[in-house]
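Peer 1: Please find data-v5.txt (compact mmCIF, C-alpha atoms) on the next line:
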```txt
# COMPACT_ATOMS: atom_id res chain seq x y z
CA MET A 1 30.53 -91.89 84.90
CA SER A 2 29.49 -95.34 86.05
CA ASP A 3 30.71 -97.93 88.50
CA ILE A 4 32.78 -100.96 87.49
CA LEU A 5 32.59 -104.40 89.13
CA ILE A 6 35.84 -106.40 89.17
CA LYS A 7 35.88 -110.14 89.90
CA PRO A 8 39.00 -112.18 90.75
CA ALA A 9 40.96 -113.69 87.85
CA ARG A 10 43.09 -116.83 87.69
CA ALA A 11 45.56 -115.52 85.09
CA VAL A 12 46.09 -113.15 82.17
CA SER A 13 47.73 -114.01 78.86
CA GLY A 14 48.09 -112.74 75.32
CA THR A 15 49.94 -110.45 72.92
CA PHE A 16 48.47 -106.99 72.40
CA THR A 17 49.10 -103.26 72.09
CA VAL A 18 48.15 -100.35 74.32
CA PRO A 19 47.09 -96.87 73.13
CA GLY A 20 49.64 -94.35 71.89
CA ASP A 21 51.72 -92.59 74.52
CA LYS A 22 49.69 -89.76 76.02
CA SER A 23 52.65 -87.48 76.79
CA ILE A 24 54.07 -87.85 73.29
CA SER A 25 50.62 -87.36 71.72
CA HIS A 26 50.14 -83.96 73.39
CA ARG A 27 53.51 -82.80 72.09
CA ALA A 28 52.97 -84.14 68.58
CA LEU A 29 49.77 -82.12 68.26
CA ILE A 30 51.23 -78.90 69.68
CA LEU A 31 54.51 -78.98 67.73
CA SER A 32 52.65 -79.89 64.51
CA ALA A 33 50.40 -76.86 65.03
CA MET A 34 53.45 -74.62 65.56
CA ALA A 35 55.25 -76.00 62.49
CA GLU A 36 55.09 -74.75 58.90
CA GLY A 37 53.31 -77.28 56.69
CA LYS A 38 51.23 -80.43 57.13
CA SER A 39 52.31 -83.07 59.65
CA LYS A 40 50.84 -86.57 59.86
CA ILE A 41 50.59 -88.36 63.20
CA SER A 42 50.18 -92.13 63.48
CA GLY A 43 49.19 -93.85 66.72
CA LEU A 44 47.78 -90.75 68.43
CA SER A 45 46.29 -91.56 71.82
CA ASP A 46 42.50 -91.58 71.93
CA ALA A 47 42.54 -90.51 75.58
CA ARG A 48 40.16 -87.76 76.62
CA ASP A 49 43.13 -85.65 77.77
CA VAL A 50 44.62 -85.71 74.26
CA ALA A 51 41.22 -84.84 72.79
CA SER A 52 41.29 -81.75 75.03
CA THR A 53 44.60 -80.65 73.48
CA ARG A 54 43.24 -81.22 69.98
CA GLN A 55 40.09 -79.19 70.67
CA CYS A 56 42.08 -76.31 72.16
CA ILE A 57 44.37 -76.19 69.12
CA GLU A 58 41.39 -76.23 66.77
CA LYS A 59 39.82 -73.33 68.68
CA LEU A 60 43.09 -71.45 68.04
CA GLY A 61 42.44 -71.76 64.31
CA ILE A 62 44.47 -74.84 63.34
CA LYS A 63 42.80 -77.40 61.05
CA ILE A 64 43.16 -81.00 62.21
CA SER A 65 41.65 -83.82 60.14
CA SER A 66 41.35 -87.61 60.45
CA LEU A 67 42.69 -89.70 57.56
CA LYS A 68 42.44 -93.41 56.78
CA GLY A 69 44.21 -95.85 59.06
CA GLY A 70 43.80 -93.74 62.16
CA ILE A 71 46.26 -91.11 60.91
CA ILE A 72 45.76 -87.50 62.02
CA ALA A 73 46.81 -84.58 59.78
CA VAL A 74 47.67 -81.20 61.29
CA ALA A 75 47.86 -78.18 58.97
CA GLY A 76 50.49 -76.13 60.77
CA LYS A 77 50.67 -72.39 60.11
CA GLY A 78 53.94 -71.57 61.88
CA LYS A 79 54.52 -70.23 65.39
CA TYR A 80 52.37 -67.16 64.83
CA GLY A 81 49.66 -68.86 62.78
CA PHE A 82 47.26 -69.15 65.68
CA ARG A 83 44.24 -66.88 65.97
CA GLU A 84 42.53 -65.60 69.10
CA ALA A 85 39.92 -68.04 70.38
CA LYS A 86 36.34 -66.78 70.60
CA ALA A 87 35.83 -68.47 73.97
CA PRO A 88 38.02 -69.82 76.81
CA LEU A 89 40.03 -72.92 75.95
CA ASP A 90 38.88 -75.95 77.96
CA ALA A 91 41.75 -78.25 78.97
CA GLY A 92 39.35 -80.65 80.69
CA ASN A 93 41.27 -82.78 83.18
CA SER A 94 44.61 -82.40 81.41
CA GLY A 95 47.55 -80.79 83.17
CA SER A 96 49.68 -81.29 80.06
CA THR A 97 47.19 -79.36 77.94
CA ILE A 98 46.96 -76.29 80.14
CA ARG A 99 50.66 -76.10 81.02
CA LEU A 100 52.12 -76.73 77.56
CA LEU A 101 49.66 -74.51 75.71
CA SER A 102 50.32 -71.72 78.23
CA GLY A 103 53.90 -71.62 76.95
CA VAL A 104 52.63 -71.10 73.40
CA ALA A 105 49.88 -68.63 74.37
CA ALA A 106 52.41 -66.50 76.27
CA ALA A 107 54.02 -65.48 72.96
CA GLN A 108 50.90 -64.75 70.90
CA PRO A 109 49.84 -61.15 70.10
CA PHE A 110 46.45 -61.65 71.76
CA THR A 111 44.84 -62.74 75.03
CA THR A 112 44.05 -66.40 75.71
CA THR A 113 41.97 -67.78 78.57
CA ILE A 114 42.55 -71.43 79.54
CA THR A 115 40.46 -73.28 82.08
CA GLY A 116 39.55 -76.88 82.92
CA ASP A 117 37.35 -79.11 85.01
CA GLU A 118 36.95 -78.84 88.78
CA SER A 119 39.94 -81.10 89.43
CA LEU A 120 42.27 -79.21 87.07
CA CYS A 121 41.24 -75.88 88.59
CA ARG A 122 42.58 -77.11 91.94
CA ARG A 123 46.02 -77.98 90.60
CA PRO A 124 49.04 -75.68 91.08
CA MET A 125 49.89 -73.30 88.21
CA ARG A 126 52.34 -71.00 90.00
CA ARG A 127 55.09 -73.32 88.72
CA ILE A 128 54.46 -72.11 85.14
CA ILE A 129 53.10 -68.63 85.84
CA GLU A 130 56.31 -67.38 87.49
CA PRO A 131 58.75 -68.39 84.72
CA LEU A 132 56.42 -67.20 81.96
CA GLU A 133 56.08 -63.81 83.67
CA GLN A 134 59.88 -63.66 83.98
CA MET A 135 59.91 -64.09 80.20
CA GLY A 136 57.54 -61.15 79.76
CA ALA A 137 54.03 -62.65 79.72
CA HIS A 138 51.18 -61.17 81.79
CA ILE A 139 49.01 -63.80 83.45
CA GLU A 140 45.96 -63.42 85.66
CA SER A 141 44.91 -66.43 87.74
CA ASN A 142 42.64 -67.53 90.54
CA GLY A 143 45.25 -67.61 93.32
CA TYR A 144 47.83 -69.23 91.02
CA LYS A 145 45.23 -71.73 89.81
CA ALA A 146 43.10 -71.96 86.66
CA PRO A 147 41.44 -70.30 84.91
CA LEU A 148 44.48 -68.52 83.47
CA VAL A 149 44.13 -65.31 81.44
CA ILE A 150 47.33 -64.98 79.40
CA ARG A 151 48.11 -61.68 77.68
CA GLY A 152 50.81 -62.71 75.24
CA GLY A 153 53.54 -60.72 73.59
CA ALA A 154 57.26 -60.52 72.95
CA LEU A 155 59.22 -62.87 75.21
CA ARG A 156 62.83 -62.83 76.44
CA SER A 157 65.01 -65.86 77.09
CA ILE A 158 65.72 -66.92 80.69
CA ASP A 159 67.76 -69.36 82.71
CA TYR A 160 65.26 -71.00 85.03
CA ALA A 161 66.05 -73.29 87.96
CA SER A 162 62.91 -75.31 88.61
CA THR A 163 62.47 -76.50 92.19
CA ILE A 164 60.63 -79.61 91.00
CA ALA A 165 61.32 -82.23 88.35
CA SER A 166 58.36 -81.72 86.01
CA ALA A 167 58.27 -82.36 82.29
CA GLN A 168 55.18 -80.16 82.03
CA VAL A 169 56.95 -77.18 83.58
CA LYS A 170 60.12 -77.76 81.56
CA SER A 171 58.17 -78.16 78.31
CA CYS A 172 56.08 -75.04 78.95
CA ILE A 173 59.25 -72.95 79.30
CA LEU A 174 60.97 -74.57 76.31
CA LEU A 175 57.95 -73.94 74.06
CA ALA A 176 57.91 -70.29 75.13
CA GLY A 177 61.67 -70.20 74.55
CA LEU A 178 61.15 -71.03 70.88
CA TYR A 179 59.71 -67.51 70.50
CA ALA A 180 62.36 -65.65 72.55
CA ASN A 181 65.66 -64.15 71.43
CA GLY A 182 68.61 -66.09 72.86
CA THR A 183 68.97 -69.36 74.73
CA THR A 184 66.31 -70.41 77.21
CA ARG A 185 67.52 -72.99 79.74
CA VAL A 186 65.71 -75.01 82.40
CA THR A 187 67.49 -76.94 85.14
CA GLU A 188 65.81 -79.48 87.42
CA PRO A 189 66.69 -81.24 90.69
CA SER A 190 66.44 -84.62 88.89
CA PRO A 191 65.69 -85.69 85.31
CA SER A 192 62.08 -85.55 84.05
CA ARG A 193 60.60 -86.87 80.81
CA ASP A 194 62.43 -85.58 77.76
CA HIS A 195 59.80 -86.10 75.05
CA THR A 196 59.66 -82.41 74.07
CA GLU A 197 63.40 -82.18 73.57
CA ARG A 198 63.53 -85.35 71.49
CA MET A 199 60.57 -84.39 69.31
CA LEU A 200 61.82 -80.85 68.66
CA GLU A 201 64.75 -82.31 66.73
CA SER A 202 62.33 -84.10 64.37
CA PHE A 203 60.71 -80.70 63.70
CA GLY A 204 64.11 -79.22 62.81
CA VAL A 205 64.94 -77.52 66.12
CA LYS A 206 68.14 -78.38 67.95
CA ALA A 207 67.43 -78.87 71.65
CA ARG A 208 70.23 -79.30 74.16
CA PHE A 209 69.40 -81.63 77.00
CA SER A 210 71.15 -83.60 79.73
CA GLN A 211 70.53 -85.12 83.14
CA SER A 212 70.26 -81.65 84.69
CA GLY A 213 67.86 -79.99 82.24
CA ALA A 214 67.34 -78.67 78.72
CA GLY A 215 67.65 -75.60 76.53
CA VAL A 216 66.54 -74.16 73.19
CA GLN A 217 67.88 -71.36 71.03
CA GLY A 218 65.25 -68.91 69.89
CA PRO A 219 63.67 -67.67 67.82
CA ALA A 220 63.32 -71.03 66.06
CA THR A 221 61.27 -72.18 63.08
CA LEU A 222 59.60 -75.60 63.11
CA GLN A 223 59.17 -77.62 59.93
CA ALA A 224 56.37 -80.16 59.54
CA CYS A 225 57.21 -83.84 59.85
CA ASP A 226 55.48 -87.19 60.28
CA VAL A 227 55.35 -88.71 63.77
CA THR A 228 54.72 -92.33 64.77
CA ILE A 229 53.77 -92.58 68.44
CA PRO A 230 54.76 -95.66 70.49
CA GLY A 231 52.48 -97.38 73.00
CA ASP A 232 52.06 -95.72 76.40
CA LEU A 233 54.27 -97.32 79.06
CA SER A 234 52.13 -95.85 81.85
CA SER A 235 49.11 -97.63 80.36
CA ALA A 236 51.15 -100.82 79.96
CA SER A 237 52.22 -100.70 83.62
CA PHE A 238 48.87 -101.98 84.88
CA PHE A 239 49.21 -105.08 82.73
CA LEU A 240 52.86 -105.60 83.68
CA VAL A 241 51.83 -105.68 87.34
CA MET A 242 48.78 -107.92 86.93
CA ALA A 243 50.79 -110.45 84.91
CA SER A 244 53.51 -110.41 87.57
CA LEU A 245 51.01 -111.05 90.39
CA LEU A 246 48.62 -113.60 88.85
CA ALA A 247 50.03 -117.15 88.74
CA ASP A 248 50.56 -118.81 85.33
CA SER A 249 50.34 -115.48 83.50
CA GLU A 250 52.39 -114.43 80.49
CA ILE A 251 51.82 -111.41 78.25
CA THR A 252 53.64 -109.44 75.54
CA ILE A 253 52.83 -105.77 74.93
CA GLN A 254 53.99 -104.67 71.50
CA GLN A 255 55.84 -101.47 70.52
CA VAL A 256 55.78 -99.69 73.87
CA SER A 257 57.83 -96.56 74.61
CA VAL A 258 61.10 -97.47 76.31
CA ASN A 259 62.34 -93.89 76.65
CA PRO A 260 64.92 -93.99 79.49
CA THR A 261 63.14 -91.18 81.37
CA ARG A 262 59.98 -93.34 81.45
CA MET A 263 61.52 -96.72 82.32
CA GLY A 264 61.12 -96.32 86.07
CA ILE A 265 58.28 -98.86 86.18
CA TYR A 266 60.49 -101.41 84.40
CA ASP A 267 63.37 -100.72 86.80
CA ALA A 268 61.16 -100.73 89.91
CA LEU A 269 59.41 -104.00 89.04
CA SER A 270 62.72 -105.60 88.06
CA ALA A 271 64.17 -104.53 91.42
CA MET A 272 61.20 -106.28 93.06
CA GLY A 273 61.95 -109.51 91.20
CA ALA A 274 59.52 -109.24 88.28
CA MET A 275 60.45 -111.20 85.16
CA ILE A 276 60.26 -108.58 82.39
CA GLN A 277 62.14 -108.68 79.11
CA ALA A 278 62.39 -106.02 76.39
CA SER A 279 63.06 -106.77 72.73
CA PRO A 280 65.79 -104.75 70.94
CA ALA A 281 64.61 -101.14 70.70
CA VAL A 282 63.77 -99.37 67.44
CA ILE A 283 64.06 -95.55 67.38
CA LEU A 284 61.63 -93.35 65.43
CA GLN A 285 61.59 -89.54 65.80
CA GLY A 286 64.10 -89.91 68.63
CA GLU A 287 61.79 -92.16 70.68
CA PRO A 288 62.82 -95.79 71.34
CA ARG A 289 60.15 -98.49 71.35
CA ALA A 290 60.21 -102.23 72.04
CA ASP A 291 58.03 -105.23 72.88
CA LEU A 292 57.77 -105.95 76.62
CA SER A 293 57.15 -109.48 77.85
CA VAL A 294 56.38 -110.41 81.45
CA ARG A 295 55.40 -113.58 83.28
CA SER A 296 54.29 -114.23 86.82
CA SER A 297 56.89 -114.23 89.59
CA LYS A 298 57.34 -113.89 93.34
CA LEU A 299 58.02 -110.26 94.24
CA HIS A 300 60.06 -108.89 97.12
CA ALA A 301 60.06 -105.47 98.76
CA ALA A 302 62.01 -102.46 97.49
CA ALA A 303 62.87 -98.93 98.60
CA LEU A 304 61.62 -96.37 96.06
CA GLY A 305 62.62 -92.72 96.36
CA GLY A 306 64.94 -89.93 95.25
CA SER A 307 65.64 -89.48 91.55
CA MET A 308 63.57 -92.56 90.67
CA ILE A 309 60.30 -90.89 91.73
CA PRO A 310 59.91 -88.58 88.67
CA ARG A 311 60.39 -91.68 86.51
CA ILE A 312 57.57 -93.62 88.26
CA ILE A 313 55.30 -90.79 89.40
CA ASP A 314 52.29 -92.01 87.35
CA GLU A 315 52.91 -95.67 88.17
CA ILE A 316 53.10 -95.42 91.98
CA PRO A 317 49.39 -96.35 92.45
CA VAL A 318 49.84 -99.71 90.73
CA LEU A 319 53.30 -100.24 92.26
CA ALA A 320 51.64 -99.87 95.66
CA VAL A 321 49.27 -102.70 94.71
CA ALA A 322 52.28 -104.82 93.71
CA ALA A 323 53.95 -104.04 97.04
CA THR A 324 51.03 -105.58 98.97
CA GLN A 325 52.03 -108.94 97.45
CA ALA A 326 55.80 -108.51 97.82
CA GLN A 327 57.78 -110.16 100.59
CA GLY A 328 59.00 -107.59 103.12
CA VAL A 329 58.56 -103.87 103.74
CA THR A 330 58.33 -101.57 100.70
CA THR A 331 58.94 -97.87 101.32
CA ILE A 332 57.93 -95.10 98.92
CA ARG A 333 59.24 -91.62 99.77
CA ASP A 334 59.84 -88.23 98.11
CA ALA A 335 56.47 -88.60 96.35
CA GLY A 336 54.64 -85.59 97.81
CA GLU A 337 53.87 -84.44 94.25
CA LEU A 338 51.20 -87.19 94.19
CA ARG A 339 49.08 -85.06 96.50
CA LEU A 340 48.77 -82.50 93.67
CA LYS A 341 47.53 -84.81 90.90
CA GLU A 342 43.94 -85.43 89.78
CA SER A 343 43.34 -86.52 93.37
CA ASP A 344 45.51 -86.74 96.48
CA ARG A 345 46.85 -90.04 95.23
CA LEU A 346 48.80 -90.86 98.38
CA ALA A 347 45.65 -90.59 100.49
CA ALA A 348 43.53 -92.41 97.87
CA ILE A 349 45.98 -95.33 97.60
CA CYS A 350 46.28 -95.77 101.35
CA LYS A 351 42.56 -95.47 102.09
CA ASN A 352 41.53 -97.89 99.35
CA LEU A 353 44.24 -100.48 100.02
CA SER A 354 43.41 -100.38 103.74
CA ALA A 355 39.78 -101.10 102.85
CA MET A 356 40.98 -104.21 100.99
CA GLY A 357 43.00 -105.45 103.97
CA ALA A 358 46.50 -104.26 103.06
CA ASN A 359 49.12 -103.49 105.72
CA ILE A 360 49.87 -99.91 104.66
CA ARG A 361 50.77 -96.69 106.43
CA GLU A 362 50.58 -93.24 104.86
CA THR A 363 53.49 -90.83 105.40
CA LYS A 364 53.89 -87.16 104.55
CA ASP A 365 55.53 -87.88 101.19
CA GLY A 366 54.83 -91.55 100.58
CA MET A 367 53.82 -94.81 102.23
CA ILE A 368 55.11 -97.94 103.93
CA ILE A 369 53.64 -101.27 102.80
CA THR A 370 54.29 -104.64 104.44
CA GLY A 371 53.59 -107.80 102.45
CA PRO A 372 52.54 -110.21 101.31
CA THR A 373 48.99 -109.67 102.54
CA PRO A 374 45.84 -111.26 101.06
CA LEU A 375 43.44 -108.65 99.70
CA HIS A 376 39.66 -108.91 99.83
CA GLY A 377 37.05 -107.20 97.69
CA ALA A 378 35.70 -103.84 98.81
CA GLU A 379 33.92 -100.74 97.57
CA ILE A 380 36.63 -98.46 96.17
CA ASP A 381 36.43 -94.74 95.54
CA SER A 382 38.19 -93.79 92.30
CA TYR A 383 38.08 -90.10 93.28
CA ASP A 384 37.39 -89.61 89.54
CA ASP A 385 41.13 -90.33 89.05
CA HIS A 386 41.90 -92.59 86.11
CA ARG A 387 45.11 -94.05 87.54
CA ILE A 388 43.47 -94.85 90.88
CA ALA A 389 40.63 -96.63 89.05
CA MET A 390 43.01 -98.75 86.94
CA ALA A 391 45.33 -99.57 89.86
CA PHE A 392 42.39 -100.87 91.89
CA ALA A 393 41.11 -102.87 88.94
CA VAL A 394 44.43 -104.72 89.23
CA ALA A 395 43.93 -105.06 92.99
CA GLY A 396 40.45 -106.47 92.36
CA LEU A 397 41.86 -109.19 90.09
CA ILE A 398 44.07 -110.57 92.88
CA ALA A 399 41.56 -110.05 95.72
CA SER A 400 39.02 -112.55 97.07
CA GLY A 401 35.44 -111.57 96.38
CA GLU A 402 34.16 -108.71 94.25
CA THR A 403 35.53 -105.17 94.09
CA LEU A 404 33.28 -102.27 93.12
CA ILE A 405 35.09 -99.21 91.74
CA LYS A 406 32.95 -96.10 92.05
CA ASN A 407 33.03 -93.97 88.89
CA GLY A 408 35.42 -96.50 87.37
CA THR A 409 34.82 -95.30 83.83
CA CYS A 410 36.98 -92.24 84.55
CA THR A 411 39.69 -94.46 82.98
CA GLU A 412 38.60 -92.91 79.66
CA ILE A 413 40.65 -89.85 80.57
CA SER A 414 43.80 -91.79 79.63
CA PHE A 415 42.81 -95.32 78.48
CA PRO A 416 39.32 -95.62 76.93
CA GLY A 417 39.65 -99.34 76.13
CA PHE A 418 41.14 -100.46 79.44
CA PHE A 419 38.32 -102.65 80.73
CA GLY A 420 37.61 -104.14 77.30
CA LEU A 421 41.25 -105.19 76.94
CA LEU A 422 41.25 -106.58 80.47
CA ASP A 423 38.22 -108.73 79.65
CA ARG A 424 39.95 -110.11 76.53
CA ILE A 425 43.11 -111.29 78.28
CA ARG A 426 41.76 -112.55 81.62
CA HIS A 427 41.14 -116.21 82.49
CA ASP A 428 38.74 -117.05 85.31
```
Output the file's structure in the form of structure tokens.
Peer 2:
Amino acid sequence: MSDILIKPARAVSGTFTVPGDKSISHRALILSAMAEGKSKISGLSDARDVASTRQCIEKLGIKISSLKGGIIAVAGKGKYGFREAKAPLDAGNSGSTIRLLSGVAAAQPFTTTITGDESLCRRPMRRIIEPLEQMGAHIESNGYKAPLVIRGGALRSIDYASTIASAQVKSCILLAGLYANGTTRVTEPSPSRDHTERMLESFGVKARFSQSGAGVQGPATLQACDVTIPGDLSSASFFLVMASLLADSEITIQQVSVNPTRMGIYDALSAMGAMIQASPAVILQGEPRADLSVRSSKLHAAALGGSMIPRIIDEIPVLAVAATQAQGVTTIRDAGELRLKESDRLAAICKNLSAMGANIRETKDGMIITGPTPLHGAEIDSYDDHRIAMAFAVAGLIASGETLIKNGTCTEISFPGFFGLLDRIRHD
């Protein structure tokens, strides 16, 4: 990885797209592999995390090929068409990869080992190990962390009350539930992303879902289908914030996911006074998409917490940057989950923003930010965390002086073309 130097910008403008939604891309690959027949996927994310999912699936014996026009073809062999991998599966930095594929591996008639990079091997896996073992899987772990050794077999349906709102946990259990006899249900304390439930219907499986959770009836058979993936709203969020903060800016991001469980960034910025408009949504494979337009505005403080947090969990780093320029005191609470991401994001945000001159105080489960405060350039530690690197690229645009982001190219984990796109739309 290499460092990135960010210089202040006067404005950003333009009409453009962002890469395909990362969460939806993981699910499209996994469900296509589980389905019977060939599925074609358009708009698949080129993020390194999604490449990890593809490589793991290929090691399980599924043929995936690249066609013209960026289309990916997956030759699904049905739920039991996987073969035992010759070596451990490497999920890289991807929590979605290891957690979702664990739900599939738990039902296979062989043993699967899944590991990842140093960061992933520090992340909590008890949240999927316990429900999968309740369903009948046998899993060895390193103190409830990766690597995971999953001895698969026949599974039974369960009703599982998750203590956290996590689409990865919910999806892991639902995927395992497709192999079990009876109805598998997951309830959550607040709604999490519902991409798995929506996409299952396109593959011919009826999924029941509501504000409190989701369920599937097993055993179920998936049929191949074609999937068109919308732009990633989490990737778009960095551009929504920079256009809001830089004077005389106006951008339009085309065909972005506007799934209601992902629209927290839209709602949070709107509550802070941002001027964002969405075109009428079009729905494909159950997923709504629209063009988002935003122009610069004066922001004011907001209180962010409770059920909104699962809807903005990936966007809190860049929302914290926005809060430094908002009038008043912004509070972010109930976000302790951020300490368990690729880095301790709460600590990383507060340390880096403090280095740039922000008025910010870290709390146990969030932060308190008083604004507006001028930011100045500084040396920033990305902690090899893609969302920290991109959030502080935005901070560097509005700061005086130059900002050096250590290991800034870790953005390739989710958004390989981030800095190139930024260079195209900025005005100095």
Peer 1: Go through A:Arg311, A:Lys206, A:Lys351, A:Lys298 one by one, measure the shortest atom-to-atom distance of each to Pro191 in chain A using only C-alpha atoms, and give the residue with the smallest value.
Peer 2: A:Arg311
Peer 1: Which polymer residues have any atom within 10 Å of an atom of range 211-215 of chain A, counting all atoms listed in the file, with same-chain residues fewer than 6 positions away left out, as a list in words?
Peer 2: Ile158, Asp159, Tyr160, Ala161, Ser162, Ala165, Ala167, Lys170, Ser171, Ile173, Leu174, Gly177, Leu178, Thr183, Thr184, Arg185, Val186, Thr187, Glu188, Pro189, Ser190, Pro191, Ser192, Asp194, Thr196, Glu197 and Thr261 of chain A
Peer 1: Quick one: everything within 6 Å of range 229-231 of chain A, counting only C-alpha atoms, minus sequence neighbours fewer than 4 positions away in the same chain. Send it as a list of chain:residue names.
Peer 2: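 These residues fall inside the cut-off: A:Val18, A:Pro19, A:Gly20, A:Asp21, A:Gly43, A:Gln255, A:Val256, A:Ser257.
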Peer 1: When you look at range 216-226 of chain A with a cut-off of 7 Å (counting all atoms listed in the file), what residues show up, excluding the ones that are within fewer than 3 positions of it in the same chain? I need them as a JSON list (two decimals) with C-alpha atoms, keeping the file's coordinate frame.
Peer 2:
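Contents of selection-v8.json, as written:
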```
[["chain", "number", "residue", "atom", "x", "y", "z"],
["A", 32, "SER", "CA", 52.65, -79.89, 64.51],
["A", 34, "MET", "CA", 53.45, -74.62, 65.56],
["A", 35, "ALA", "CA", 55.25, -76.00, 62.49],
["A", 36, "GLU", "CA", 55.09, -74.75, 58.90],
["A", 37, "GLY", "CA", 53.31, -77.28, 56.69],
["A", 38, "LYS", "CA", 51.23, -80.43, 57.13],
["A", 39, "SER", "CA", 52.31, -83.07, 59.65],
["A", 40, "LYS", "CA", 50.84, -86.57, 59.86],
["A", 41, "ILE", "CA", 50.59, -88.36, 63.20],
["A", 174, "LEU", "CA", 60.97, -74.57, 76.31],
["A", 177, "GLY", "CA", 61.67, -70.20, 74.55],
["A", 178, "LEU", "CA", 61.15, -71.03, 70.88],
["A", 179, "TYR", "CA", 59.71, -67.51, 70.50],
["A", 180, "ALA", "CA", 62.36, -65.65, 72.55],
["A", 181, "ASN", "CA", 65.66, -64.15, 71.43],
["A", 182, "GLY", "CA", 68.61, -66.09, 72.86],
["A", 183, "THR", "CA", 68.97, -69.36, 74.73],
["A", 184, "THR", "CA", 66.31, -70.41, 77.21],
["A", 185, "ARG", "CA", 67.52, -72.99, 79.74],
["A", 202, "SER", "CA", 62.33, -84.10, 64.37],
["A", 203, "PHE", "CA", 60.71, -80.70, 63.70],
["A", 204, "GLY", "CA", 64.11, -79.22, 62.81],
["A", 205, "VAL", "CA", 64.94, -77.52, 66.12],
["A", 206, "LYS", "CA", 68.14, -78.38, 67.95],
["A", 207, "ALA", "CA", 67.43, -78.87, 71.65],
["A", 208, "ARG", "CA", 70.23, -79.30, 74.16]]
```
Peer 1: Which residue out of A:Ala176, A:Ile139, A:Ile413, A:Leu246 has the minimum interatomic distance to Asp428 in chain A when all atoms listed in the file are used?
Peer 2: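 Comparing A:Ala176, A:Ile139, A:Ile413, A:Leu246 against Asp428 in chain A, the winner is A:Leu246.
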Peer 1: Find the residues near Pro310 in chain A: any atom within 12 Å, counting only C-alpha atoms, skip ones fewer than 4 places away on the same chain, and give them as a VMD selection string.
Peer 2: chain A and resid 164 to 168 188 to 194 260 to 265 304 to 306 314 to 316 333 to 338
Peer 1: So, counting all atoms listed in the file, which residue among A:Ser279, A:Ser296, A:Ser157, A:Thr411 is closest to Leu132 in chain A?
Peer 2: A:Ser157
Peer 1: Which residue out of A:Arg295, A:Leu120, A:Val74, A:Leu284 has the minimum interatomic distance to Asp248 in chain A when only C-alpha atoms are used?
Peer 2: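 Once distances to Asp248 in chain A are computed over only C-alpha atoms, the minimum belongs to A:Arg295.
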Peer 1: Every residue with an atom at most 6 Å from (42.3, -84.8, 84.6) (file coordinates; all atoms listed in the file) is what I'm after, so could you write them as a list in words?
Peer 2: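 The requested residues, written out, are Asn93, Ser94 and Glu342 of chain A.
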Peer 1: Nearest to Arg27 in chain A: which of A:Arg126, A:His138, A:Arg54, A:His376 is it, counting all atoms listed in the file?
Peer 2: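 Looking only at the distances to Arg27 in chain A, the closest residue turns out to be A:Arg54.
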Peer 1: Which residues of range 389-419 of chain A sit at most 9 Å from range 379-385 of chain A, using all atoms listed in the file? Give each one's shortest atom pair and distance in Å (one decimal place), in chain and ascending residue order, as a Markdown table.
Peer 2:
```
| residue | atom | partner | partner_atom | distance |
| --- | --- | --- | --- | --- |
| A:Ala389 | CA | A:Ser382 | CA | 5.0 |
| A:Met390 | CA | A:Ser382 | CA | 8.8 |
| A:Phe392 | CA | A:Ile380 | CA | 7.6 |
| A:Glu402 | CA | A:Glu379 | CA | 8.6 |
| A:Thr403 | CA | A:Glu379 | CA | 5.9 |
| A:Leu404 | CA | A:Glu379 | CA | 4.7 |
| A:Ile405 | CA | A:Ile380 | CA | 4.7 |
| A:Lys406 | CA | A:Asp381 | CA | 5.1 |
| A:Asn407 | CA | A:Ser382 | CA | 6.2 |
| A:Gly408 | CA | A:Ser382 | CA | 6.3 |
| A:Thr409 | CA | A:Asp384 | CA | 8.5 |
| A:Cys410 | CA | A:Asp384 | CA | 5.7 |
| A:Thr411 | CA | A:Asp385 | CA | 7.5 |
| A:Ile413 | CA | A:Asp385 | CA | 8.5 |
```
Peer 1: Neighbouring residues of Ile64 in chain A were defined as those with any atom within 9 Å, considering all atoms listed in the file; residues of the same chain fewer than 6 positions away were excluded. Please report them as a ChimeraX atom specification.
Peer 2: /A:33,54,57-58,72-76
Peer 1: Point out the residue among A:Val241, A:Ile425, A:Ile332, A:Ala348 with the least atom-to-atom distance to Ala395 in chain A, counting only C-alpha atoms.
Peer 2: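 Distance minimum relative to Ala395 in chain A lands on A:Val241.
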Peer 1: Could you check how far CA of Leu421 in chain A sits from CA of Glu287 in chain A, in Å to one decimal?
Peer 2: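 For CA of Leu421 in chain A relative to CA of Glu287 in chain A, the distance reads 25.1 Å.
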Peer 1: Kindly give the distance, in Å, that separates CA of Leu44 in chain A and CA of Phe239 in chain A, rounded to a single decimal.
Peer 2: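 That distance, rounded to one decimal, is 20.3 Å.
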Peer 1: So how far away is CA of Thr115 in chain A from CA of Leu148 in chain A, in Å?
Peer 2: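 A separation of 6.4 Å between them.
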